[in-house]
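Next up, run.tsv (TSV, N, CA and C atoms and all ligand atoms):
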chain	number	residue	atom	x	y	z
A	1	MET	N	59.12	-104.73	19.09
A	1	MET	CA	60.31	-104.08	18.53
A	1	MET	C	61.57	-104.71	19.15
A	2	THR	N	62.47	-105.14	18.28
A	2	THR	CA	63.69	-105.80	18.76
A	2	THR	C	64.76	-104.78	19.11
A	3	TYR	N	65.77	-105.28	19.81
A	3	TYR	CA	66.89	-104.42	20.23
A	3	TYR	C	67.63	-103.84	19.02
A	4	SER	N	67.87	-104.70	18.00
A	4	SER	CA	68.60	-104.24	16.83
A	4	SER	C	67.82	-103.18	16.06
A	5	ALA	N	66.48	-103.27	16.11
A	5	ALA	CA	65.66	-102.27	15.43
A	5	ALA	C	65.80	-100.91	16.10
A	6	ILE	N	65.90	-100.92	17.44
A	6	ILE	CA	66.07	-99.67	18.19
A	6	ILE	C	67.43	-99.05	17.86
A	7	ILE	N	68.46	-99.91	17.82
A	7	ILE	CA	69.82	-99.44	17.52
A	7	ILE	C	69.87	-98.82	16.13
A	8	SER	N	69.23	-99.48	15.17
A	8	SER	CA	69.29	-98.98	13.80
A	8	SER	C	68.50	-97.69	13.64
A	9	ALA	N	67.56	-97.43	14.57
A	9	ALA	CA	66.81	-96.18	14.53
A	9	ALA	C	67.68	-95.00	14.94
A	10	PHE	N	68.73	-95.27	15.70
A	10	PHE	CA	69.67	-94.23	16.11
A	10	PHE	C	71.06	-94.59	15.59
A	11	PRO	N	71.34	-94.27	14.35
A	11	PRO	CA	72.63	-94.66	13.77
A	11	PRO	C	73.80	-94.01	14.50
A	12	ARG	N	74.80	-94.84	14.84
A	12	ARG	CA	75.97	-94.34	15.56
A	12	ARG	C	76.73	-93.29	14.74
A	13	SER	N	76.67	-93.41	13.43
A	13	SER	CA	77.44	-92.51	12.58
A	13	SER	C	77.03	-91.05	12.76
A	14	SER	N	75.78	-90.80	13.20
A	14	SER	CA	75.35	-89.41	13.38
A	14	SER	C	75.72	-88.90	14.76
A	15	ILE	N	75.90	-89.78	15.73
A	15	ILE	CA	76.22	-89.37	17.10
A	15	ILE	C	77.73	-89.22	17.29
A	16	GLY	N	78.51	-90.11	16.66
A	16	GLY	CA	79.96	-90.10	16.81
A	16	GLY	C	80.61	-88.76	16.47
A	17	PRO	N	80.44	-88.25	15.25
A	17	PRO	CA	81.05	-86.97	14.90
A	17	PRO	C	80.57	-85.82	15.78
A	18	LEU	N	79.32	-85.90	16.24
A	18	LEU	CA	78.77	-84.86	17.11
A	18	LEU	C	79.53	-84.80	18.42
A	19	LEU	N	79.73	-85.97	19.06
A	19	LEU	CA	80.47	-86.04	20.31
A	19	LEU	C	81.92	-85.64	20.11
A	20	LEU	N	82.49	-86.01	18.96
A	20	LEU	CA	83.87	-85.68	18.65
A	20	LEU	C	84.04	-84.16	18.53
A	21	SER	N	83.11	-83.51	17.84
A	21	SER	CA	83.19	-82.06	17.67
A	21	SER	C	83.04	-81.35	18.99
A	22	LEU	N	82.23	-81.89	19.90
A	22	LEU	CA	82.07	-81.30	21.23
A	22	LEU	C	83.39	-81.42	22.00
A	23	ALA	N	84.03	-82.59	21.93
A	23	ALA	CA	85.28	-82.82	22.66
A	23	ALA	C	86.39	-81.92	22.11
A	24	VAL	N	86.46	-81.77	20.78
A	24	VAL	CA	87.48	-80.93	20.16
A	24	VAL	C	87.23	-79.48	20.54
A	25	GLY	N	85.98	-79.05	20.53
A	25	GLY	CA	85.63	-77.67	20.86
A	25	GLY	C	86.02	-77.30	22.28
A	26	MET	N	86.00	-78.27	23.19
A	26	MET	CA	86.30	-77.99	24.59
A	26	MET	C	87.80	-77.98	24.87
A	27	SER	N	88.60	-78.62	24.01
A	27	SER	CA	90.02	-78.78	24.32
A	27	SER	C	90.94	-77.96	23.42
A	28	SER	N	90.38	-77.11	22.54
A	28	SER	CA	91.20	-76.41	21.56
A	28	SER	C	91.48	-74.96	21.97
A	29	SER	N	91.82	-74.72	23.24
A	29	SER	CA	92.03	-73.35	23.69
A	29	SER	C	93.48	-73.10	24.12
A	30	THR	N	94.42	-74.00	23.72
A	30	THR	CA	95.81	-73.82	24.12
A	30	THR	C	96.61	-73.07	23.06
A	31	GLU	N	95.99	-72.83	21.88
A	31	GLU	CA	96.68	-72.17	20.79
A	31	GLU	C	96.90	-70.69	21.10
A	32	GLN	N	98.00	-70.14	20.55
A	32	GLN	CA	98.29	-68.72	20.72
A	32	GLN	C	97.55	-67.93	19.65
A	33	PHE	N	96.95	-66.79	20.07
A	33	PHE	CA	96.21	-65.96	19.14
A	33	PHE	C	96.74	-64.53	19.19
A	34	VAL	N	96.55	-63.82	18.10
A	34	VAL	CA	96.93	-62.40	18.06
A	34	VAL	C	95.69	-61.59	17.67
A	35	CYS	N	95.53	-60.43	18.34
A	35	CYS	CA	94.38	-59.56	18.07
A	35	CYS	C	94.71	-58.64	16.91
A	36	THR	N	93.86	-58.63	15.89
A	36	THR	CA	94.12	-57.78	14.72
A	36	THR	C	93.78	-56.32	15.00
A	37	THR	N	93.13	-56.04	16.13
A	37	THR	CA	92.76	-54.67	16.46
A	37	THR	C	93.83	-53.99	17.32
A	38	CYS	N	94.26	-54.65	18.41
A	38	CYS	CA	95.23	-54.02	19.31
A	38	CYS	C	96.58	-54.73	19.33
A	39	GLY	N	96.71	-55.88	18.65
A	39	GLY	CA	97.98	-56.58	18.57
A	39	GLY	C	98.31	-57.43	19.77
A	40	HIS	N	97.35	-57.61	20.67
A	40	HIS	CA	97.58	-58.43	21.86
A	40	HIS	C	97.81	-59.89	21.47
A	41	VAL	N	98.90	-60.48	22.00
A	41	VAL	CA	99.20	-61.88	21.72
A	41	VAL	C	98.96	-62.70	22.98
A	42	GLY	N	98.28	-63.80	22.83
A	42	GLY	CA	98.02	-64.68	23.97
A	42	GLY	C	96.82	-65.54	23.69
A	43	ARG	N	96.31	-66.13	24.75
A	43	ARG	CA	95.13	-66.96	24.59
A	43	ARG	C	93.90	-66.08	24.56
A	44	SER	N	93.01	-66.39	23.64
A	44	SER	CA	91.77	-65.64	23.55
A	44	SER	C	90.81	-66.13	24.64
A	45	THR	N	89.92	-65.27	25.04
A	45	THR	CA	88.89	-65.71	25.96
A	45	THR	C	87.72	-66.24	25.14
A	46	SER	N	87.22	-67.39	25.55
A	46	SER	CA	86.13	-68.01	24.82
A	46	SER	C	84.81	-67.46	25.32
A	47	VAL	N	84.04	-66.92	24.39
A	47	VAL	CA	82.75	-66.35	24.74
A	47	VAL	C	81.65	-67.16	24.08
A	48	ARG	N	80.66	-67.53	24.87
A	48	ARG	CA	79.54	-68.29	24.32
A	48	ARG	C	78.25	-67.56	24.63
A	49	ARG	N	77.33	-67.62	23.70
A	49	ARG	CA	76.01	-67.06	23.94
A	49	ARG	C	75.23	-68.01	24.83
A	50	GLY	N	74.15	-67.52	25.43
A	50	GLY	CA	73.32	-68.38	26.26
A	50	GLY	C	73.81	-68.43	27.68
A	51	SER	N	73.19	-69.26	28.49
A	51	SER	CA	73.46	-69.32	29.91
A	51	SER	C	73.83	-70.72	30.35
A	52	THR	N	74.88	-70.83	31.18
A	52	THR	CA	75.28	-72.14	31.71
A	52	THR	C	74.21	-72.69	32.63
A	53	VAL	N	73.52	-71.79	33.37
A	53	VAL	CA	72.47	-72.22	34.30
A	53	VAL	C	71.32	-72.87	33.54
A	54	ILE	N	70.89	-72.22	32.44
A	54	ILE	CA	69.82	-72.78	31.62
A	54	ILE	C	70.25	-74.12	31.03
A	55	GLU	N	71.52	-74.19	30.61
A	55	GLU	CA	72.05	-75.42	30.02
A	55	GLU	C	71.95	-76.57	31.02
A	56	ILE	N	72.38	-76.34	32.27
A	56	ILE	CA	72.35	-77.39	33.30
A	56	ILE	C	70.91	-77.77	33.62
A	57	MET	N	70.01	-76.77	33.72
A	57	MET	CA	68.61	-77.05	34.02
A	57	MET	C	67.96	-77.90	32.93
A	58	LEU	N	68.28	-77.57	31.66
A	58	LEU	CA	67.73	-78.35	30.55
A	58	LEU	C	68.23	-79.78	30.59
A	59	TRP	N	69.54	-79.94	30.94
A	59	TRP	CA	70.12	-81.28	31.03
A	59	TRP	C	69.44	-82.08	32.13
A	60	LEU	N	69.16	-81.44	33.26
A	60	LEU	CA	68.56	-82.15	34.40
A	60	LEU	C	67.09	-82.49	34.14
A	61	CYS	N	66.37	-81.57	33.50
A	61	CYS	CA	64.93	-81.77	33.31
A	61	CYS	C	64.63	-82.58	32.05
A	62	TYR	N	65.24	-82.14	30.93
A	62	TYR	CA	64.97	-82.81	29.66
A	62	TYR	C	66.32	-83.06	28.99
A	63	LEU	N	66.63	-84.32	28.73
A	63	LEU	CA	67.94	-84.67	28.19
A	63	LEU	C	68.15	-84.12	26.77
A	64	LEU	N	67.15	-84.30	25.90
A	64	LEU	CA	67.32	-83.92	24.50
A	64	LEU	C	67.44	-82.40	24.30
A	65	PRO	N	66.55	-81.59	24.90
A	65	PRO	CA	66.74	-80.14	24.77
A	65	PRO	C	68.07	-79.68	25.34
A	66	GLY	N	68.55	-80.35	26.39
A	66	GLY	CA	69.85	-80.01	26.96
A	66	GLY	C	70.96	-80.23	25.97
A	67	LEU	N	70.88	-81.35	25.24
A	67	LEU	CA	71.88	-81.67	24.22
A	67	LEU	C	71.83	-80.64	23.09
A	68	ILE	N	70.61	-80.31	22.64
A	68	ILE	CA	70.44	-79.35	21.55
A	68	ILE	C	70.98	-77.98	21.98
A	69	TYR	N	70.67	-77.58	23.22
A	69	TYR	CA	71.12	-76.29	23.73
A	69	TYR	C	72.65	-76.24	23.80
A	70	SER	N	73.28	-77.36	24.25
A	70	SER	CA	74.74	-77.42	24.35
A	70	SER	C	75.38	-77.30	22.97
A	71	VAL	N	74.80	-78.00	21.98
A	71	VAL	CA	75.34	-77.95	20.61
A	71	VAL	C	75.19	-76.53	20.07
A	72	TRP	N	74.04	-75.89	20.35
A	72	TRP	CA	73.82	-74.52	19.87
A	72	TRP	C	74.85	-73.57	20.49
A	73	ARG	N	75.12	-73.74	21.79
A	73	ARG	CA	76.10	-72.88	22.45
A	73	ARG	C	77.49	-73.10	21.88
A	74	GLN	N	77.84	-74.36	21.57
A	74	GLN	CA	79.14	-74.65	20.95
A	74	GLN	C	79.26	-73.93	19.63
A	75	SER	N	78.15	-73.91	18.86
A	75	SER	CA	78.19	-73.31	17.52
A	75	SER	C	78.25	-71.79	17.59
A	76	THR	N	77.81	-71.19	18.69
A	76	THR	CA	77.84	-69.73	18.81
A	76	THR	C	79.11	-69.25	19.49
A	77	ARG	N	79.98	-70.17	19.91
A	77	ARG	CA	81.18	-69.81	20.63
A	77	ARG	C	82.14	-69.05	19.72
A	78	TYR	N	82.76	-68.00	20.23
A	78	TYR	CA	83.75	-67.29	19.44
A	78	TYR	C	84.88	-66.82	20.33
A	79	SER	N	86.01	-66.51	19.69
A	79	SER	CA	87.18	-66.08	20.43
A	79	SER	C	87.24	-64.57	20.48
A	80	ALA	N	87.31	-64.00	21.68
A	80	ALA	CA	87.38	-62.56	21.85
A	80	ALA	C	88.70	-62.18	22.49
A	81	CYS	N	89.20	-60.97	22.19
A	81	CYS	CA	90.44	-60.47	22.74
A	81	CYS	C	90.24	-60.12	24.22
A	82	PRO	N	91.12	-60.62	25.13
A	82	PRO	CA	90.97	-60.29	26.55
A	82	PRO	C	91.31	-58.84	26.85
A	83	GLU	N	92.04	-58.16	25.94
A	83	GLU	CA	92.44	-56.78	26.15
A	83	GLU	C	91.35	-55.80	25.73
A	84	CYS	N	90.87	-55.93	24.49
A	84	CYS	CA	89.91	-54.96	23.97
A	84	CYS	C	88.52	-55.56	23.75
A	85	GLY	N	88.39	-56.88	23.88
A	85	GLY	CA	87.08	-57.51	23.80
A	85	GLY	C	86.52	-57.64	22.39
A	86	VAL	N	87.32	-57.25	21.39
A	86	VAL	CA	86.86	-57.32	20.01
A	86	VAL	C	87.02	-58.75	19.49
A	87	ARG	N	86.09	-59.13	18.63
A	87	ARG	CA	86.07	-60.50	18.09
A	87	ARG	C	87.02	-60.62	16.91
A	88	ASN	N	88.30	-60.26	17.10
A	88	ASN	CA	89.24	-60.23	15.98
A	88	ASN	C	90.50	-61.03	16.26
A	89	MET	N	90.39	-62.09	17.07
A	89	MET	CA	91.57	-62.89	17.37
A	89	MET	C	91.79	-63.92	16.26
A	90	ILE	N	93.03	-63.97	15.74
A	90	ILE	CA	93.37	-64.97	14.73
A	90	ILE	C	94.58	-65.75	15.22
A	91	PRO	N	94.75	-67.02	14.76
A	91	PRO	CA	95.90	-67.81	15.20
A	91	PRO	C	97.22	-67.14	14.82
A	92	VAL	N	98.21	-67.21	15.73
A	92	VAL	CA	99.53	-66.61	15.48
A	92	VAL	C	100.21	-67.27	14.30
A	93	ASP	N	100.04	-68.58	14.16
A	93	ASP	CA	100.74	-69.30	13.08
A	93	ASP	C	100.01	-69.26	11.74
A	94	SER	N	99.00	-68.39	11.63
A	94	SER	CA	98.37	-68.17	10.31
A	94	SER	C	99.18	-67.09	9.58
A	95	PRO	N	99.10	-67.04	8.24
A	95	PRO	CA	99.87	-66.04	7.48
A	95	PRO	C	99.64	-64.61	7.95
A	96	ALA	N	98.37	-64.26	8.18
A	96	ALA	CA	98.05	-62.90	8.64
A	96	ALA	C	98.56	-62.67	10.06
A	97	GLY	N	98.49	-63.71	10.89
A	97	GLY	CA	98.95	-63.60	12.27
A	97	GLY	C	100.46	-63.38	12.33
A	98	ARG	N	101.21	-64.09	11.50
A	98	ARG	CA	102.68	-63.94	11.45
A	98	ARG	C	103.06	-62.53	11.02
A	99	ARG	N	102.27	-61.97	10.10
A	99	ARG	CA	102.55	-60.62	9.60
A	99	ARG	C	102.43	-59.61	10.73
A	100	ILE	N	101.41	-59.77	11.58
A	100	ILE	CA	101.19	-58.83	12.68
A	100	ILE	C	102.28	-58.99	13.75
A	101	VAL	N	102.57	-60.24	14.12
A	101	VAL	CA	103.55	-60.51	15.18
A	101	VAL	C	104.95	-60.15	14.70
A	102	GLY	N	105.29	-60.54	13.45
A	102	GLY	CA	106.62	-60.32	12.92
A	102	GLY	C	106.87	-58.86	12.58
A	103	GLY	N	105.84	-58.15	12.08
A	103	GLY	CA	106.03	-56.75	11.67
A	103	GLY	C	105.61	-55.86	12.77
B	1	ZN	ZN	92.58	-56.63	21.20
Could you render the structure as structure tokens?
Amino acid sequence: MTYSAIISAFPRSSIGPLLLSLAVGMSSSTEQFVCTTCGHVGRSTSVRRGSTVIEIMLWLCYLLPGLIYSVWRQSTRYSACPECGVRNMIPVDSPAGRRIVGG
């Protein structure tokens, strides 16, 4: 099996967007959010399902399950209100968000 055959077995096009989405998911927490339940304005707290300990252990023991577990945790991540803990935070600059902040 040649080197180019190995490369073509793992197309870069499928890995690139995956890594990009991970990077974007980690850096998109500077936006202002408003809670539709209590009206709290500020940064939402990011809540993820699963365990960071399990994630690190999977990465150390088995690389691929670690990657799958990390992607799954990214997909289950949601923004919760730091005041009331309800999953109802929306961006301030969205139409509904402006209505709550402005009114
Ligand atoms: Zn709230």
Checklist entry - What lies within 9 Å of range 80-84 of chain A using only C-alpha atoms, ignoring chain neighbours under 5 positions off, as a PyMOL selection string? => result chain A and resi 33-35+37-38+40-47+89
Checklist entry - So which residues touch Tyr69 in chain A within 9 Å, counting only C-alpha atoms, skipping near sequence neighbours fewer than 6 positions away, as a PyMOL selection string? => result chain A and resi 50+54-55+58-59
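What separates CA of Ile90 in chain A from atom C of Glu31 in chain A is a distance of 9.3 Å.
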Checklist entry - Per DSSP on the backbone, what are the alpha helix (DSSP H) residues of range 19-102 of chain A, as a VMD selection string? => result chain A and resid 19 to 27 52 to 61 63 to 76 95 to 102
Okay, now the selection with N, CA and C atoms, as a short mmCIF file (atom, residue, chain, number, x, y, z; two decimals), in the coordinates of the input?
data_model
loop_
_atom_site.label_atom_id
_atom_site.label_comp_id
_atom_site.auth_asym_id
_atom_site.auth_seq_id
_atom_site.Cartn_x
_atom_site.Cartn_y
_atom_site.Cartn_z
N LEU A 19 79.73 -85.97 19.06
CA LEU A 19 80.47 -86.04 20.31
C LEU A 19 81.92 -85.64 20.11
N LEU A 20 82.49 -86.01 18.96
CA LEU A 20 83.87 -85.68 18.65
C LEU A 20 84.04 -84.16 18.53
N SER A 21 83.11 -83.51 17.84
CA SER A 21 83.19 -82.06 17.67
C SER A 21 83.04 -81.35 18.99
N LEU A 22 82.23 -81.89 19.90
CA LEU A 22 82.07 -81.30 21.23
C LEU A 22 83.39 -81.42 22.00
N ALA A 23 84.03 -82.59 21.93
CA ALA A 23 85.28 -82.82 22.66
C ALA A 23 86.39 -81.92 22.11
N VAL A 24 86.46 -81.77 20.78
CA VAL A 24 87.48 -80.93 20.16
C VAL A 24 87.23 -79.48 20.54
N GLY A 25 85.98 -79.05 20.53
CA GLY A 25 85.63 -77.67 20.86
C GLY A 25 86.02 -77.30 22.28
N MET A 26 86.00 -78.27 23.19
CA MET A 26 86.30 -77.99 24.59
C MET A 26 87.80 -77.98 24.87
N SER A 27 88.60 -78.62 24.01
CA SER A 27 90.02 -78.78 24.32
C SER A 27 90.94 -77.96 23.42
N THR A 52 74.88 -70.83 31.18
CA THR A 52 75.28 -72.14 31.71
C THR A 52 74.21 -72.69 32.63
N VAL A 53 73.52 -71.79 33.37
CA VAL A 53 72.47 -72.22 34.30
C VAL A 53 71.32 -72.87 33.54
N ILE A 54 70.89 -72.22 32.44
CA ILE A 54 69.82 -72.78 31.62
C ILE A 54 70.25 -74.12 31.03
N GLU A 55 71.52 -74.19 30.61
CA GLU A 55 72.05 -75.42 30.02
C GLU A 55 71.95 -76.57 31.02
N ILE A 56 72.38 -76.34 32.27
CA ILE A 56 72.35 -77.39 33.30
C ILE A 56 70.91 -77.77 33.62
N MET A 57 70.01 -76.77 33.72
CA MET A 57 68.61 -77.05 34.02
C MET A 57 67.96 -77.90 32.93
N LEU A 58 68.28 -77.57 31.66
CA LEU A 58 67.73 -78.35 30.55
C LEU A 58 68.23 -79.78 30.59
N TRP A 59 69.54 -79.94 30.94
CA TRP A 59 70.12 -81.28 31.03
C TRP A 59 69.44 -82.08 32.13
N LEU A 60 69.16 -81.44 33.26
CA LEU A 60 68.56 -82.15 34.40
C LEU A 60 67.09 -82.49 34.14
N CYS A 61 66.37 -81.57 33.50
CA CYS A 61 64.93 -81.77 33.31
C CYS A 61 64.63 -82.58 32.05
N LEU A 63 66.63 -84.32 28.73
CA LEU A 63 67.94 -84.67 28.19
C LEU A 63 68.15 -84.12 26.77
N LEU A 64 67.15 -84.30 25.90
CA LEU A 64 67.32 -83.92 24.50
C LEU A 64 67.44 -82.40 24.30
N PRO A 65 66.55 -81.59 24.90
CA PRO A 65 66.74 -80.14 24.77
C PRO A 65 68.07 -79.68 25.34
N GLY A 66 68.55 -80.35 26.39
CA GLY A 66 69.85 -80.01 26.96
C GLY A 66 70.96 -80.23 25.97
N LEU A 67 70.88 -81.35 25.24
CA LEU A 67 71.88 -81.67 24.22
C LEU A 67 71.83 -80.64 23.09
N ILE A 68 70.61 -80.31 22.64
CA ILE A 68 70.44 -79.35 21.55
C ILE A 68 70.98 -77.98 21.98
N TYR A 69 70.67 -77.58 23.22
CA TYR A 69 71.12 -76.29 23.73
C TYR A 69 72.65 -76.24 23.80
N SER A 70 73.28 -77.36 24.25
CA SER A 70 74.74 -77.42 24.35
C SER A 70 75.38 -77.30 22.97
N VAL A 71 74.80 -78.00 21.98
CA VAL A 71 75.34 -77.95 20.61
C VAL A 71 75.19 -76.53 20.07
N TRP A 72 74.04 -75.89 20.35
CA TRP A 72 73.82 -74.52 19.87
C TRP A 72 74.85 -73.57 20.49
N ARG A 73 75.12 -73.74 21.79
CA ARG A 73 76.10 -72.88 22.45
C ARG A 73 77.49 -73.10 21.88
N GLN A 74 77.84 -74.36 21.57
CA GLN A 74 79.14 -74.65 20.95
C GLN A 74 79.26 -73.93 19.63
N SER A 75 78.15 -73.91 18.86
CA SER A 75 78.19 -73.31 17.52
C SER A 75 78.25 -71.79 17.59
N THR A 76 77.81 -71.19 18.69
CA THR A 76 77.84 -69.73 18.81
C THR A 76 79.11 -69.25 19.49
N PRO A 95 99.10 -67.04 8.24
CA PRO A 95 99.87 -66.04 7.48
C PRO A 95 99.64 -64.61 7.95
N ALA A 96 98.37 -64.26 8.18
CA ALA A 96 98.05 -62.90 8.64
C ALA A 96 98.56 -62.67 10.06
N GLY A 97 98.49 -63.71 10.89
CA GLY A 97 98.95 -63.60 12.27
C GLY A 97 100.46 -63.38 12.33
N ARG A 98 101.21 -64.09 11.50
CA ARG A 98 102.68 -63.94 11.45
C ARG A 98 103.06 -62.53 11.02
N ARG A 99 102.27 -61.97 10.10
CA ARG A 99 102.55 -60.62 9.60
C ARG A 99 102.43 -59.61 10.73
N ILE A 100 101.41 -59.77 11.58
CA ILE A 100 101.19 -58.83 12.68
C ILE A 100 102.28 -58.99 13.75
N VAL A 101 102.57 -60.24 14.12
CA VAL A 101 103.55 -60.51 15.18
C VAL A 101 104.95 -60.15 14.70
N GLY A 102 105.29 -60.54 13.45
CA GLY A 102 106.62 -60.32 12.92
C GLY A 102 106.87 -58.86 12.58
#
Checklist entry - Quick one, how far is atom C of Ser75 in chain A from atom C of Gly97 in chain A? => result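 Distance reported for this atom pair: 24.3 Å.
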Checklist entry - Between A:Arg49, A:Ile56, A:Val86, A:Pro65, which is the closest to ligand ZN 1 (chain B) once you count all atoms listed in the file? => result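 With all atoms listed in the file as the atom set, the closest residue is A:Val86.
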